[in-house]
file model_17.cif (mmCIF, C-alpha atoms (C1' of nucleotides))
data_query
loop_
_atom_site.label_atom_id
_atom_site.label_comp_id
_atom_site.auth_asym_id
_atom_site.auth_seq_id
_atom_site.Cartn_x
_atom_site.Cartn_y
_atom_site.Cartn_z
CA MET A 1 28.23 -3.07 25.30
CA PRO A 2 27.57 -6.00 23.01
CA LYS A 3 29.86 -6.98 20.22
CA GLN A 4 30.66 -3.90 18.20
CA VAL A 5 28.78 -4.20 14.98
CA ASP A 6 29.21 -2.59 11.59
CA HIS A 7 26.27 -0.22 11.66
CA ASP A 8 26.33 0.65 7.96
CA GLU A 9 26.62 -2.96 6.94
CA ARG A 10 23.55 -3.89 8.98
CA ARG A 11 21.59 -1.04 7.47
CA ARG A 12 22.64 -2.13 4.02
CA GLN A 13 21.49 -5.70 4.66
CA ILE A 14 18.08 -4.49 5.74
CA GLY A 15 17.90 -2.04 2.86
CA ASP A 16 18.65 -4.93 0.53
CA ALA A 17 15.72 -6.83 1.96
CA VAL A 18 13.49 -3.83 1.35
CA CYS A 19 14.55 -3.75 -2.29
CA ARG A 20 13.86 -7.44 -2.65
CA VAL A 21 10.37 -7.02 -1.22
CA ILE A 22 9.69 -4.10 -3.56
CA ALA A 23 10.95 -6.00 -6.58
CA ALA A 24 8.86 -9.04 -5.75
CA ARG A 25 5.61 -7.51 -4.53
CA GLY A 26 5.70 -3.76 -4.92
CA LEU A 27 6.13 -0.75 -2.68
CA ASP A 28 2.94 -1.27 -0.73
CA ALA A 29 4.06 -4.75 0.33
CA VAL A 30 6.83 -3.15 2.36
CA SER A 31 6.05 -3.53 6.05
CA LEU A 32 8.40 -3.79 8.98
CA ARG A 33 7.41 -7.42 9.46
CA HIS A 34 7.83 -8.42 5.83
CA VAL A 35 11.18 -6.72 5.59
CA ALA A 36 12.37 -8.37 8.79
CA ALA A 37 11.26 -11.76 7.51
CA GLU A 38 12.92 -11.19 4.14
CA ALA A 39 16.15 -10.15 5.83
CA GLY A 40 15.90 -13.10 8.19
CA VAL A 41 16.07 -10.91 11.26
CA SER A 42 13.68 -9.83 13.98
CA MET A 43 11.41 -6.88 13.67
CA GLY A 44 13.13 -5.32 16.66
CA ARG A 45 16.39 -5.26 14.72
CA VAL A 46 14.79 -3.39 11.84
CA GLN A 47 13.41 -0.86 14.28
CA HIS A 48 16.78 -0.55 15.95
CA TYR A 49 18.40 0.61 12.72
CA PHE A 50 15.54 2.65 11.30
CA ALA A 51 13.42 4.92 13.44
CA THR A 52 10.48 4.97 11.06
CA LYS A 53 9.23 3.12 8.03
CA ASP A 54 9.69 6.27 6.03
CA GLU A 55 13.37 6.42 6.92
CA LEU A 56 13.65 2.79 5.88
CA LEU A 57 12.14 3.45 2.47
CA MET A 58 14.23 6.55 1.90
CA PHE A 59 17.36 4.61 2.73
CA ALA A 60 16.37 1.88 0.25
CA PHE A 61 15.79 4.54 -2.37
CA GLU A 62 19.21 6.07 -1.85
CA LEU A 63 20.73 2.62 -1.79
CA ILE A 64 19.55 1.64 -5.24
CA SER A 65 20.10 5.13 -6.61
CA GLY A 66 23.69 4.88 -5.49
CA ARG A 67 24.05 1.46 -7.01
CA VAL A 68 22.72 2.53 -10.37
CA ALA A 69 25.07 5.49 -10.33
CA ALA A 70 27.95 3.18 -9.40
CA ARG A 71 27.15 0.87 -12.29
CA PHE A 72 27.20 3.79 -14.66
CA GLY A 73 30.47 5.01 -13.29
CA SER A 74 32.11 1.64 -13.75
CA ILE A 75 31.31 1.46 -17.44
CA VAL A 76 34.33 1.94 -19.63
CA ALA A 77 34.56 1.93 -23.39
CA ASP A 78 37.22 2.89 -25.86
CA ASP A 79 35.17 5.31 -27.88
CA PRO A 80 32.34 7.67 -26.91
CA ALA A 81 29.76 6.04 -29.17
CA LYS A 82 30.22 2.65 -27.54
CA HIS A 83 30.25 4.29 -24.14
CA LEU A 84 26.96 5.99 -24.88
CA ARG A 85 25.40 2.75 -26.04
CA ALA A 86 26.68 0.86 -23.01
CA ILE A 87 25.17 3.40 -20.64
CA LEU A 88 21.78 3.30 -22.30
CA LEU A 89 21.79 -0.48 -22.24
CA GLU A 90 22.79 -0.43 -18.58
CA LEU A 91 19.49 1.29 -17.78
CA LEU A 92 17.59 -1.70 -19.14
CA PRO A 93 17.03 -4.94 -17.20
CA LEU A 94 19.40 -6.94 -19.39
CA ASN A 95 21.73 -8.41 -16.76
CA ALA A 96 21.23 -9.82 -13.29
CA ALA A 97 22.10 -6.62 -11.43
CA ALA A 98 19.92 -4.40 -13.59
CA ARG A 99 17.06 -6.90 -13.51
CA ALA A 100 17.09 -6.76 -9.74
CA GLU A 101 17.20 -2.99 -9.61
CA ALA A 102 14.83 -2.05 -12.41
CA PRO A 103 11.57 -3.08 -10.71
CA VAL A 104 12.61 -1.12 -7.64
CA LEU A 105 13.42 1.93 -9.71
CA ALA A 106 10.09 1.62 -11.50
CA ALA A 107 8.25 1.46 -8.19
CA PHE A 108 9.97 4.56 -6.83
CA LEU A 109 9.47 6.36 -10.13
CA ALA A 110 5.74 5.78 -9.96
CA GLN A 111 5.64 6.77 -6.31
CA ALA A 112 7.40 10.02 -7.17
CA VAL A 113 4.31 11.00 -9.15
CA VAL A 114 2.32 11.33 -5.94
CA GLU A 115 5.10 11.90 -3.41
CA PRO A 116 6.98 15.15 -4.04
CA ARG A 117 9.77 14.21 -1.63
CA LEU A 118 10.99 11.57 -4.08
CA GLY A 119 10.79 13.96 -6.99
CA ALA A 120 13.73 16.17 -6.03
CA PRO A 121 16.47 13.52 -5.91
CA LEU A 122 15.06 11.80 -8.98
CA ARG A 123 15.05 15.01 -10.94
CA GLN A 124 18.59 15.77 -9.89
CA GLY A 125 19.77 12.34 -10.99
CA ASN A 126 18.00 12.72 -14.30
CA THR A 127 19.46 16.17 -14.84
CA GLU A 128 22.98 14.90 -14.23
CA MET A 129 22.27 12.03 -16.56
CA VAL A 130 21.09 14.38 -19.29
CA ALA A 131 24.20 16.54 -18.98
CA TRP A 132 26.35 13.43 -19.07
CA LEU A 133 24.60 12.02 -22.13
CA ALA A 134 24.65 15.39 -23.86
CA GLY A 135 28.40 15.57 -23.43
CA MET A 136 28.86 12.18 -25.00
CA ILE A 137 26.51 13.01 -27.84
CA THR A 138 28.55 16.10 -28.58
CA ALA A 139 31.71 14.01 -28.54
CA VAL A 140 30.25 11.69 -31.14
CA ARG A 141 28.40 14.22 -33.22
CA PRO A 142 29.23 17.88 -32.54
CA GLY A 143 26.55 20.48 -33.10
CA GLY A 144 22.81 20.10 -33.09
CA ASP A 145 20.95 20.19 -29.78
CA PRO A 146 22.71 17.57 -27.67
CA GLU A 147 20.71 18.34 -24.55
CA ARG A 148 17.42 17.81 -26.31
CA ASP A 149 18.69 14.59 -27.83
CA ALA A 150 19.86 13.47 -24.40
CA MET A 151 16.44 14.12 -22.86
CA ALA A 152 14.78 12.23 -25.66
CA LEU A 153 17.11 9.28 -25.21
CA LEU A 154 16.52 9.24 -21.48
CA ALA A 155 12.76 9.30 -21.86
CA PHE A 156 13.06 6.57 -24.46
CA VAL A 157 15.09 4.18 -22.30
CA ASP A 158 12.92 4.90 -19.26
CA GLY A 159 9.84 3.93 -21.20
CA LEU A 160 11.61 0.98 -22.74
CA MET A 161 12.64 -0.24 -19.29
CA LEU A 162 8.98 -0.36 -18.27
CA GLN A 163 7.97 -2.13 -21.47
CA VAL A 164 10.60 -4.79 -20.86
CA LEU A 165 9.56 -5.12 -17.22
CA ILE A 166 5.94 -5.80 -18.09
CA GLY A 167 6.95 -8.29 -20.74
CA GLN A 168 5.84 -6.18 -23.67
CA VAL A 169 9.28 -6.05 -25.26
CA SER A 170 11.85 -8.84 -25.15
CA GLN A 171 15.41 -8.12 -24.11
CA GLU A 172 16.71 -8.71 -27.63
CA ALA A 173 14.08 -6.41 -29.13
CA ALA A 174 14.99 -3.77 -26.57
CA VAL A 175 18.64 -3.85 -27.59
CA ASP A 176 17.61 -3.58 -31.19
CA LEU A 177 15.39 -0.61 -30.43
CA VAL A 178 18.15 1.15 -28.51
CA ASP A 179 20.61 0.64 -31.36
CA HIS A 180 18.16 1.96 -33.88
CA GLN A 181 17.19 4.93 -31.78
CA LEU A 182 20.81 5.75 -31.16
CA ALA A 183 21.64 5.58 -34.84
CA SER A 184 18.68 7.81 -35.61
CA VAL A 185 19.72 10.42 -33.07
CA LEU A 186 23.39 10.41 -33.98
CA THR A 187 23.00 10.52 -37.72
CA CYS A 188 20.18 12.95 -38.23
CA GLY A 189 19.22 14.30 -34.78
CA MET B 1 -37.69 -2.56 -4.09
CA PRO B 2 -36.19 0.88 -3.63
CA LYS B 3 -35.95 3.39 -6.41
CA GLN B 4 -34.54 1.64 -9.43
CA VAL B 5 -31.01 2.85 -9.78
CA ASP B 6 -28.63 2.98 -12.71
CA HIS B 7 -26.25 0.26 -11.67
CA ASP B 8 -23.53 1.10 -14.18
CA GLU B 9 -23.70 4.78 -13.38
CA ARG B 10 -23.19 4.10 -9.68
CA ARG B 11 -20.25 1.85 -10.40
CA ARG B 12 -18.77 4.51 -12.62
CA GLN B 13 -19.12 7.15 -9.90
CA ILE B 14 -17.31 4.95 -7.42
CA GLY B 15 -14.69 4.01 -10.00
CA ASP B 16 -14.12 7.69 -10.60
CA ALA B 17 -13.48 8.18 -6.92
CA VAL B 18 -10.94 5.35 -7.01
CA CYS B 19 -9.11 7.07 -9.85
CA ARG B 20 -9.08 10.36 -7.98
CA VAL B 21 -7.60 8.68 -4.91
CA ILE B 22 -4.94 6.99 -7.03
CA ALA B 23 -4.07 10.21 -8.81
CA ALA B 24 -3.79 12.12 -5.56
CA ARG B 25 -2.11 9.64 -3.25
CA GLY B 26 -1.19 6.50 -5.15
CA LEU B 27 -2.49 2.97 -5.48
CA ASP B 28 -1.74 1.97 -1.92
CA ALA B 29 -3.93 4.78 -0.59
CA VAL B 30 -6.95 3.04 -2.08
CA SER B 31 -9.07 1.62 0.73
CA LEU B 32 -12.79 1.05 0.87
CA ARG B 33 -13.13 3.84 3.41
CA HIS B 34 -11.06 6.37 1.47
CA VAL B 35 -12.88 5.61 -1.76
CA ALA B 36 -16.25 5.92 -0.03
CA ALA B 37 -15.24 9.25 1.48
CA GLU B 38 -13.90 10.52 -1.85
CA ALA B 39 -17.12 9.50 -3.59
CA GLY B 40 -19.18 11.04 -0.80
CA VAL B 41 -21.03 7.81 -0.13
CA SER B 42 -21.11 5.23 2.62
CA MET B 43 -18.75 2.32 2.77
CA GLY B 44 -21.71 -0.03 2.57
CA ARG B 45 -22.58 1.41 -0.81
CA VAL B 46 -19.11 0.70 -2.16
CA GLN B 47 -19.39 -2.86 -0.91
CA HIS B 48 -22.82 -3.19 -2.45
CA TYR B 49 -21.45 -2.51 -5.92
CA PHE B 50 -18.10 -4.25 -5.61
CA ALA B 51 -17.70 -7.59 -3.89
CA THR B 52 -14.00 -7.19 -3.20
CA LYS B 53 -11.38 -4.47 -3.23
CA ASP B 54 -9.68 -6.29 -6.05
CA GLU B 55 -12.80 -6.09 -8.21
CA LEU B 56 -12.97 -2.40 -7.42
CA LEU B 57 -9.41 -1.81 -8.58
CA MET B 58 -9.84 -3.88 -11.71
CA PHE B 59 -12.94 -1.90 -12.59
CA ALA B 60 -11.06 1.36 -12.12
CA PHE B 61 -8.31 0.05 -14.35
CA GLU B 62 -10.72 -0.85 -17.12
CA LEU B 63 -12.48 2.46 -16.64
CA ILE B 64 -9.44 4.59 -17.35
CA SER B 65 -8.19 2.22 -20.03
CA GLY B 66 -11.49 2.66 -21.79
CA ARG B 67 -11.32 6.41 -21.43
CA VAL B 68 -7.85 6.64 -22.86
CA ALA B 69 -8.94 4.49 -25.77
CA ALA B 70 -12.00 6.68 -26.26
CA ARG B 71 -9.87 9.81 -26.33
CA PHE B 72 -7.70 8.26 -28.99
CA GLY B 73 -10.66 7.24 -31.02
CA SER B 74 -12.09 10.75 -30.97
CA ILE B 75 -9.00 12.30 -32.47
CA VAL B 76 -9.44 13.42 -36.02
CA ALA B 77 -6.96 15.05 -38.34
CA ASP B 78 -6.89 15.79 -42.00
CA ASP B 79 -3.62 14.13 -42.76
CA PRO B 80 -1.88 11.08 -41.23
CA ALA B 81 1.16 13.00 -40.02
CA LYS B 82 -0.96 15.35 -37.93
CA HIS B 83 -3.04 12.46 -36.74
CA LEU B 84 0.07 10.64 -35.59
CA ARG B 85 1.33 13.70 -33.77
CA ALA B 86 -2.04 14.31 -32.13
CA ILE B 87 -2.16 10.76 -30.81
CA LEU B 88 1.30 10.90 -29.34
CA LEU B 89 0.53 14.21 -27.67
CA GLU B 90 -2.70 12.78 -26.32
CA LEU B 91 -0.67 10.28 -24.30
CA LEU B 92 1.01 13.12 -22.46
CA PRO B 93 -0.59 15.04 -19.57
CA LEU B 94 -1.07 18.21 -21.60
CA ASN B 95 -4.79 18.83 -21.10
CA ALA B 96 -7.14 18.48 -18.16
CA ALA B 97 -8.44 15.04 -19.09
CA ALA B 98 -5.01 13.59 -19.76
CA ARG B 99 -3.56 15.19 -16.65
CA ALA B 100 -6.20 13.46 -14.57
CA GLU B 101 -5.64 10.09 -16.21
CA ALA B 102 -1.88 10.02 -16.55
CA PRO B 103 -1.04 9.55 -12.86
CA VAL B 104 -3.53 6.71 -12.68
CA LEU B 105 -2.05 5.06 -15.75
CA ALA B 106 1.43 5.46 -14.30
CA ALA B 107 0.36 3.82 -11.06
CA PHE B 108 -1.18 0.83 -12.84
CA LEU B 109 1.81 0.58 -15.14
CA ALA B 110 4.16 0.29 -12.19
CA GLN B 111 1.86 -2.16 -10.47
CA ALA B 112 1.88 -4.33 -13.59
CA VAL B 113 5.58 -4.94 -12.97
CA VAL B 114 4.76 -6.99 -9.90
CA GLU B 115 1.18 -8.05 -10.64
CA PRO B 116 0.92 -10.28 -13.72
CA ARG B 117 -2.86 -9.93 -13.90
CA LEU B 118 -2.47 -6.33 -14.99
CA GLY B 119 0.15 -7.22 -17.55
CA ALA B 120 -2.11 -9.00 -20.01
CA PRO B 121 -4.60 -6.19 -20.73
CA LEU B 122 -1.80 -3.65 -20.68
CA ARG B 123 0.19 -5.61 -23.22
CA GLN B 124 -2.83 -6.04 -25.43
CA GLY B 125 -3.52 -2.31 -25.41
CA ASN B 126 0.09 -1.58 -26.21
CA THR B 127 0.12 -4.10 -29.02
CA GLU B 128 -2.97 -2.56 -30.59
CA MET B 129 -1.39 0.83 -30.18
CA VAL B 130 1.78 -0.30 -31.92
CA ALA B 131 -0.17 -1.73 -34.85
CA TRP B 132 -2.16 1.47 -35.08
CA LEU B 133 0.92 3.69 -34.98
CA ALA B 134 2.73 1.47 -37.45
CA GLY B 135 -0.12 1.85 -39.90
CA MET B 136 0.04 5.60 -39.66
CA ILE B 137 3.80 5.65 -39.99
CA THR B 138 3.50 3.64 -43.16
CA ALA B 139 0.89 6.06 -44.45
CA VAL B 140 3.26 8.95 -43.90
CA ARG B 141 6.50 7.26 -44.89
CA PRO B 142 6.15 3.91 -46.66
CA GLY B 143 8.88 1.35 -46.22
CA GLY B 144 11.38 0.96 -43.42
CA ASP B 145 10.36 -0.93 -40.30
CA PRO B 146 7.18 0.81 -39.20
CA GLU B 147 6.51 -1.60 -36.36
CA ARG B 148 9.90 -1.01 -34.83
CA ASP B 149 9.46 2.72 -35.18
CA ALA B 150 6.05 2.46 -33.57
CA MET B 151 7.44 0.55 -30.59
CA ALA B 152 10.18 3.11 -30.20
CA LEU B 153 7.70 5.96 -30.31
CA LEU B 154 5.48 4.29 -27.75
CA ALA B 155 8.35 3.67 -25.36
CA PHE B 156 9.42 7.25 -25.88
CA VAL B 157 6.07 8.82 -25.06
CA ASP B 158 5.55 6.47 -22.11
CA GLY B 159 8.86 7.55 -20.63
CA LEU B 160 8.15 11.17 -21.48
CA MET B 161 4.79 10.95 -19.71
CA LEU B 162 6.57 9.92 -16.52
CA GLN B 163 9.17 12.65 -16.87
CA VAL B 164 6.41 15.25 -17.21
CA LEU B 165 4.53 13.77 -14.27
CA ILE B 166 7.49 14.05 -11.93
CA GLY B 167 8.17 17.59 -13.09
CA GLN B 168 11.39 16.77 -14.88
CA VAL B 169 10.16 17.99 -18.25
CA SER B 170 7.78 20.90 -18.79
CA GLN B 171 4.75 20.52 -21.00
CA GLU B 172 6.21 22.80 -23.67
CA ALA B 173 9.50 20.91 -23.67
CA ALA B 174 7.59 17.65 -23.98
CA VAL B 175 5.78 18.88 -27.08
CA ASP B 176 9.07 20.00 -28.53
CA LEU B 177 10.64 16.62 -27.83
CA VAL B 178 7.74 14.77 -29.43
CA ASP B 179 7.95 16.92 -32.56
CA HIS B 180 11.65 16.38 -32.83
CA GLN B 181 11.40 12.65 -32.23
CA LEU B 182 8.64 12.36 -34.77
CA ALA B 183 10.62 14.26 -37.37
CA SER B 184 13.62 12.06 -36.70
CA VAL B 185 11.63 8.86 -37.10
CA LEU B 186 9.74 9.97 -40.18
CA THR B 187 12.67 11.40 -42.11
CA CYS B 188 15.43 8.92 -41.42
CA GLY B 189 13.89 6.11 -39.40
"C1'" DC C 1 35.67 -7.48 38.30
"C1'" DG C 2 31.93 -4.63 38.33
"C1'" DT C 3 29.70 -1.02 35.92
"C1'" DT C 4 27.85 0.78 32.00
"C1'" DT C 5 26.39 0.94 27.55
"C1'" DT C 6 25.01 -1.21 23.31
"C1'" DG C 7 22.23 -4.42 20.33
"C1'" DC C 8 18.68 -6.41 20.09
"C1'" DA C 9 14.08 -9.68 21.07
"C1'" DA C 10 9.59 -9.61 22.76
"C1'" DT C 11 5.44 -7.72 23.65
"C1'" DG C 12 1.73 -4.45 23.71
"C1'" DC C 13 -1.22 -0.77 21.78
"C1'" DG C 14 -4.29 1.90 19.03
"C1'" DA C 15 -5.55 2.56 14.38
"C1'" DA C 16 -6.79 1.07 9.94
"C1'" DC C 17 -7.66 -2.53 7.07
"C1'" DG C 18 -10.96 -5.97 4.09
"C1'" DC C 19 -14.88 -8.28 4.64
"C1'" DA C 20 -19.21 -10.37 6.68
"C1'" DT C 21 -23.49 -9.68 8.79
"C1'" DC C 22 -27.68 -7.58 10.07
"C1'" DG C 23 -31.33 -4.35 9.94
"C1'" DT C 24 -34.39 -1.44 7.44
"C1'" DA C 25 -36.61 2.22 4.46
"C1'" DA C 26 -38.75 2.17 0.32
"C1'" DA C 27 -40.52 1.12 -4.12
"C1'" DA C 28 -41.90 -2.25 -7.62
"C1'" DC C 29 -45.17 -5.93 -8.14
"C1'" DA C 30 -49.09 -9.03 -7.24
"C1'" DT D 1 -52.75 -3.07 0.01
"C1'" DG D 2 -49.74 -6.49 1.22
"C1'" DT D 3 -45.67 -8.84 -0.08
"C1'" DT D 4 -41.40 -9.07 -1.77
"C1'" DT D 5 -37.20 -7.47 -3.28
"C1'" DT D 6 -33.73 -4.06 -3.79
"C1'" DA D 7 -30.30 -0.70 -2.08
"C1'" DC D 8 -28.18 0.39 1.18
"C1'" DG D 9 -26.38 2.17 6.32
"C1'" DA D 10 -24.50 0.49 10.35
"C1'" DT D 11 -21.85 -2.37 13.00
"C1'" DG D 12 -18.70 -5.93 14.28
"C1'" DC D 13 -14.77 -9.21 13.57
"C1'" DG D 14 -10.24 -10.83 12.90
"C1'" DT D 15 -5.97 -9.35 10.97
"C1'" DT D 16 -2.20 -6.43 10.05
"C1'" DC D 17 -0.12 -2.29 10.44
"C1'" DG D 18 3.57 1.30 12.48
"C1'" DC D 19 5.40 2.39 16.56
"C1'" DA D 20 6.45 2.50 21.68
"C1'" DT D 21 7.94 0.12 25.60
"C1'" DT D 22 10.37 -3.14 28.29
"C1'" DG D 23 13.77 -6.44 29.44
"C1'" DC D 24 18.03 -8.54 29.08
"C1'" DA D 25 22.45 -10.78 27.47
"C1'" DA D 26 26.84 -9.49 26.38
"C1'" DA D 27 30.98 -6.98 25.70
"C1'" DA D 28 33.79 -2.75 26.05
"C1'" DC D 29 35.70 0.08 29.76
"C1'" DG D 30 37.24 1.79 34.28
#
call {"tool": "encode", "arguments": {"input": "model_17.cif", "output": "structure tokens"}}
result
Amino acid sequence: MPKQVDHDERRRQIGDAVCRVIAARGLDAVSLRHVAAEAGVSMGRVQHYFATKDELLMFAFELISGRVAARFGSIVADDPAKHLRAILLELLPLNAAARAEAPVLAAFLAQAVVEPRLGAPLRQGNTEMVAWLAGMITAVRPGGDPERDAMALLAFVDGLMLQVLIGQVSQEAAVDLVDHQLASVLTCG
Amino acid sequence: MPKQVDHDERRRQIGDAVCRVIAARGLDAVSLRHVAAEAGVSMGRVQHYFATKDELLMFAFELISGRVAARFGSIVADDPAKHLRAILLELLPLNAAARAEAPVLAAFLAQAVVEPRLGAPLRQGNTEMVAWLAGMITAVRPGGDPERDAMALLAFVDGLMLQVLIGQVSQEAAVDLVDHQLASVLTCG
DNA sequence: CGTTTTGCAATGCGAACGCATCGTAAAACA
DNA sequence: TGTTTTACGATGCGTTCGCATTGCAAAACG
């Protein structure tokens, strides 16, 4: 056998290349050859670690989903209101990590409209997110309809992410909008 | 010469087929052959009316953009508040026309993230929309920062459109969310 | 030390792609 | 009526695609 190799690490490297291709040129620019070139490896290697292109794309999807979840999990704040704000801001492309992930998320989100197989995991992630946000809203402002407010906030930041990505809204304006929206929800939602 | 033919009508028919393909299977499923098959015409015909695939896609983009704008323009209401609500609801896939157009809009929106040429017209449409909404917000509730509220509303309905499209939010829940968001903006925004 | 198994690189294949070219039926026009 | 021009249908070309196959160097294992 050849040198024992870290299988998961190799898959992650290739999955990273997929995400870079998606972020730069969109989902339909993903081909085995482009990904191999982006990763700086041979096409045979890509095929060795992923049986089909579909498996490759699904792995990339789970990869960035996991990363986004990890970024959320690593957010800490001393009070629930700041925590809530930090999470909402983390969904926007305001730092290097989020700016790299947001275009990929946007591409998969749009693909989910016509590919039901992406819908299920996306919906589950959103549902968890809503429950999570609703809990924090309740902590800040008990009563009302926290779940509805959470859904509204999620839709709002999702849309805002796209607006920022297409250059419609600047990063500073986005932060301002989030703060205002948050204040509106928490004070009179 | 053969029977004089309505050039624009033919282009519109083919553009319609493009939109149907996008709505059903996404932007990357658009090929000259698929579009020709969907339109029920020969591939030569498609090529006769569109020099390149790119021109075909751009035409389809302007076609649905124009239709969305036309739908907005045809909305009438007796008071500004209802008008505002009607416009926001018109952006969501709640009726047959909007349900057909929304997936296409979502696809182009995501493509705009990686294709700057789509960004410009999209941004202009959004900017007009924001000005329009801001005017109506002022009519309902003078003062405040109507432009900021308009941008927030637009981001909100854009995100909500996607959530409805991927089945995360039902149509009834979407209407409820819009009403609540609107009330929140107009009473304490 | 030889066998075996793993990790790949290279190559080939059929299908689908965008686009160019060519041929032609037919109607408007002289 | 003859000519010309328009609207195509048909076909072919070169490229790229996903995927299958083949071959082989190298290291773990007996």
call {"tool": "closest_residue", "arguments": {"input": "model_17.cif", "among": "B:Val46, B:Leu186, B:Val35, B:Ile14", "to": "chain D", "atoms": "all atoms listed in the file"}}
result
B:Val46
call {"tool": "resolve_selection", "arguments": {"input": "model_17.cif", "expression": "the PyMOL selection byres ((chain C and resi 16-25) around 12)", "output": "number ranges by chain"}}
result
B: 1-3, 28-34, 43-44, 47-48, 50-54; C: 14-15, 26-27; D: 6-18
call {"tool": "write_last_selection", "arguments": {"input": "model_17.cif", "atoms": "C-alpha atoms (C1' of nucleotides)", "output": "PDB file, in the coordinates of the input"}}
result
ATOM      1  CA  MET B   1     -37.690  -2.560  -4.090  1.00  0.00           C
ATOM      2  CA  PRO B   2     -36.190   0.880  -3.630  1.00  0.00           C
ATOM      3  CA  LYS B   3     -35.950   3.390  -6.410  1.00  0.00           C
ATOM      4  CA  ASP B  28      -1.740   1.970  -1.920  1.00  0.00           C
ATOM      5  CA  ALA B  29      -3.930   4.780  -0.590  1.00  0.00           C
ATOM      6  CA  VAL B  30      -6.950   3.040  -2.080  1.00  0.00           C
ATOM      7  CA  SER B  31      -9.070   1.620   0.730  1.00  0.00           C
ATOM      8  CA  LEU B  32     -12.790   1.050   0.870  1.00  0.00           C
ATOM      9  CA  ARG B  33     -13.130   3.840   3.410  1.00  0.00           C
ATOM     10  CA  HIS B  34     -11.060   6.370   1.470  1.00  0.00           C
ATOM     11  CA  MET B  43     -18.750   2.320   2.770  1.00  0.00           C
ATOM     12  CA  GLY B  44     -21.710  -0.030   2.570  1.00  0.00           C
ATOM     13  CA  GLN B  47     -19.390  -2.860  -0.910  1.00  0.00           C
ATOM     14  CA  HIS B  48     -22.820  -3.190  -2.450  1.00  0.00           C
ATOM     15  CA  PHE B  50     -18.100  -4.250  -5.610  1.00  0.00           C
ATOM     16  CA  ALA B  51     -17.700  -7.590  -3.890  1.00  0.00           C
ATOM     17  CA  THR B  52     -14.000  -7.190  -3.200  1.00  0.00           C
ATOM     18  CA  LYS B  53     -11.380  -4.470  -3.230  1.00  0.00           C
ATOM     19  CA  ASP B  54      -9.680  -6.290  -6.050  1.00  0.00           C
TER      20      ASP B  54
ATOM     21  C1'  DG C  14      -4.290   1.900  19.030  1.00  0.00           C
ATOM     22  C1'  DA C  15      -5.550   2.560  14.380  1.00  0.00           C
ATOM     23  C1'  DA C  26     -38.750   2.170   0.320  1.00  0.00           C
ATOM     24  C1'  DA C  27     -40.520   1.120  -4.120  1.00  0.00           C
TER      25       DA C  27
ATOM     26  C1'  DT D   6     -33.730  -4.060  -3.790  1.00  0.00           C
ATOM     27  C1'  DA D   7     -30.300  -0.700  -2.080  1.00  0.00           C
ATOM     28  C1'  DC D   8     -28.180   0.390   1.180  1.00  0.00           C
ATOM     29  C1'  DG D   9     -26.380   2.170   6.320  1.00  0.00           C
ATOM     30  C1'  DA D  10     -24.500   0.490  10.350  1.00  0.00           C
ATOM     31  C1'  DT D  11     -21.850  -2.370  13.000  1.00  0.00           C
ATOM     32  C1'  DG D  12     -18.700  -5.930  14.280  1.00  0.00           C
ATOM     33  C1'  DC D  13     -14.770  -9.210  13.570  1.00  0.00           C
ATOM     34  C1'  DG D  14     -10.240 -10.830  12.900  1.00  0.00           C
ATOM     35  C1'  DT D  15      -5.970  -9.350  10.970  1.00  0.00           C
ATOM     36  C1'  DT D  16      -2.200  -6.430  10.050  1.00  0.00           C
ATOM     37  C1'  DC D  17      -0.120  -2.290  10.440  1.00  0.00           C
ATOM     38  C1'  DG D  18       3.570   1.300  12.480  1.00  0.00           C
TER      39       DG D  18
END
call {"tool": "interface_residues", "arguments": {"input": "model_17.cif", "of": "chain D", "to": "chain A", "cutoff": "7 Å", "atoms": "only C-alpha atoms (C1' of nucleotides)", "output": "MDAnalysis selection string"}}
result
chainID D and resid 26:28
call {"tool": "closest_atom_pairs", "arguments": {"input": "model_17.cif", "of": "chain B", "to": "chain A", "cutoff": "8 Å", "atoms": "only C-alpha atoms", "output": "tab-separated table"}}
result
residue	atom	partner	partner_atom	distance
B:Ala23	CA	A:Val114	CA	7.1
B:Ala24	CA	A:Val114	CA	6.2
B:Arg25	CA	A:Val114	CA	5.5
B:Gly26	CA	A:Val114	CA	6.0
B:Asp28	CA	A:Asp28	CA	5.8
B:Pro103	CA	A:Val113	CA	6.7
B:Ala106	CA	A:Ala110	CA	6.1
B:Ala107	CA	A:Ala110	CA	5.8
B:Leu109	CA	A:Leu162	CA	7.9
B:Ala110	CA	A:Ala107	CA	5.8
B:Gln111	CA	A:Gly26	CA	6.9
B:Ala112	CA	A:Ile166	CA	6.2
B:Val113	CA	A:Ile166	CA	5.2
B:Val114	CA	A:Arg25	CA	5.5
B:Glu115	CA	A:Arg25	CA	7.6
B:Gly119	CA	A:Ile166	CA	6.0
B:Arg123	CA	A:Gln168	CA	5.7
B:Asn126	CA	A:Gln168	CA	7.8
B:Arg148	CA	A:Leu177	CA	7.0
B:Ala152	CA	A:Leu177	CA	6.4
B:Leu153	CA	A:Phe156	CA	8.0
B:Leu154	CA	A:Gly159	CA	7.9
B:Ala155	CA	A:Gly159	CA	4.4
B:Phe156	CA	A:Phe156	CA	4.0
B:Val157	CA	A:Gly159	CA	7.3
B:Asp158	CA	A:Gly159	CA	5.1
B:Gly159	CA	A:Gly159	CA	3.8
B:Leu160	CA	A:Ala155	CA	5.0
B:Leu162	CA	A:Val113	CA	7.8
B:Gln163	CA	A:Ala155	CA	7.0
B:Leu165	CA	A:Val113	CA	5.8
B:Ile166	CA	A:Val113	CA	5.2
B:Gly167	CA	A:Gly119	CA	7.6
B:Gln168	CA	A:Arg123	CA	5.7
B:Leu177	CA	A:Ala152	CA	6.4
B:Gln181	CA	A:Ala152	CA	7.4
B:Ser184	CA	A:Gly189	CA	6.3
B:Val185	CA	A:Ser184	CA	7.3
B:Cys188	CA	A:Ser184	CA	6.7
B:Gly189	CA	A:Ser184	CA	6.3
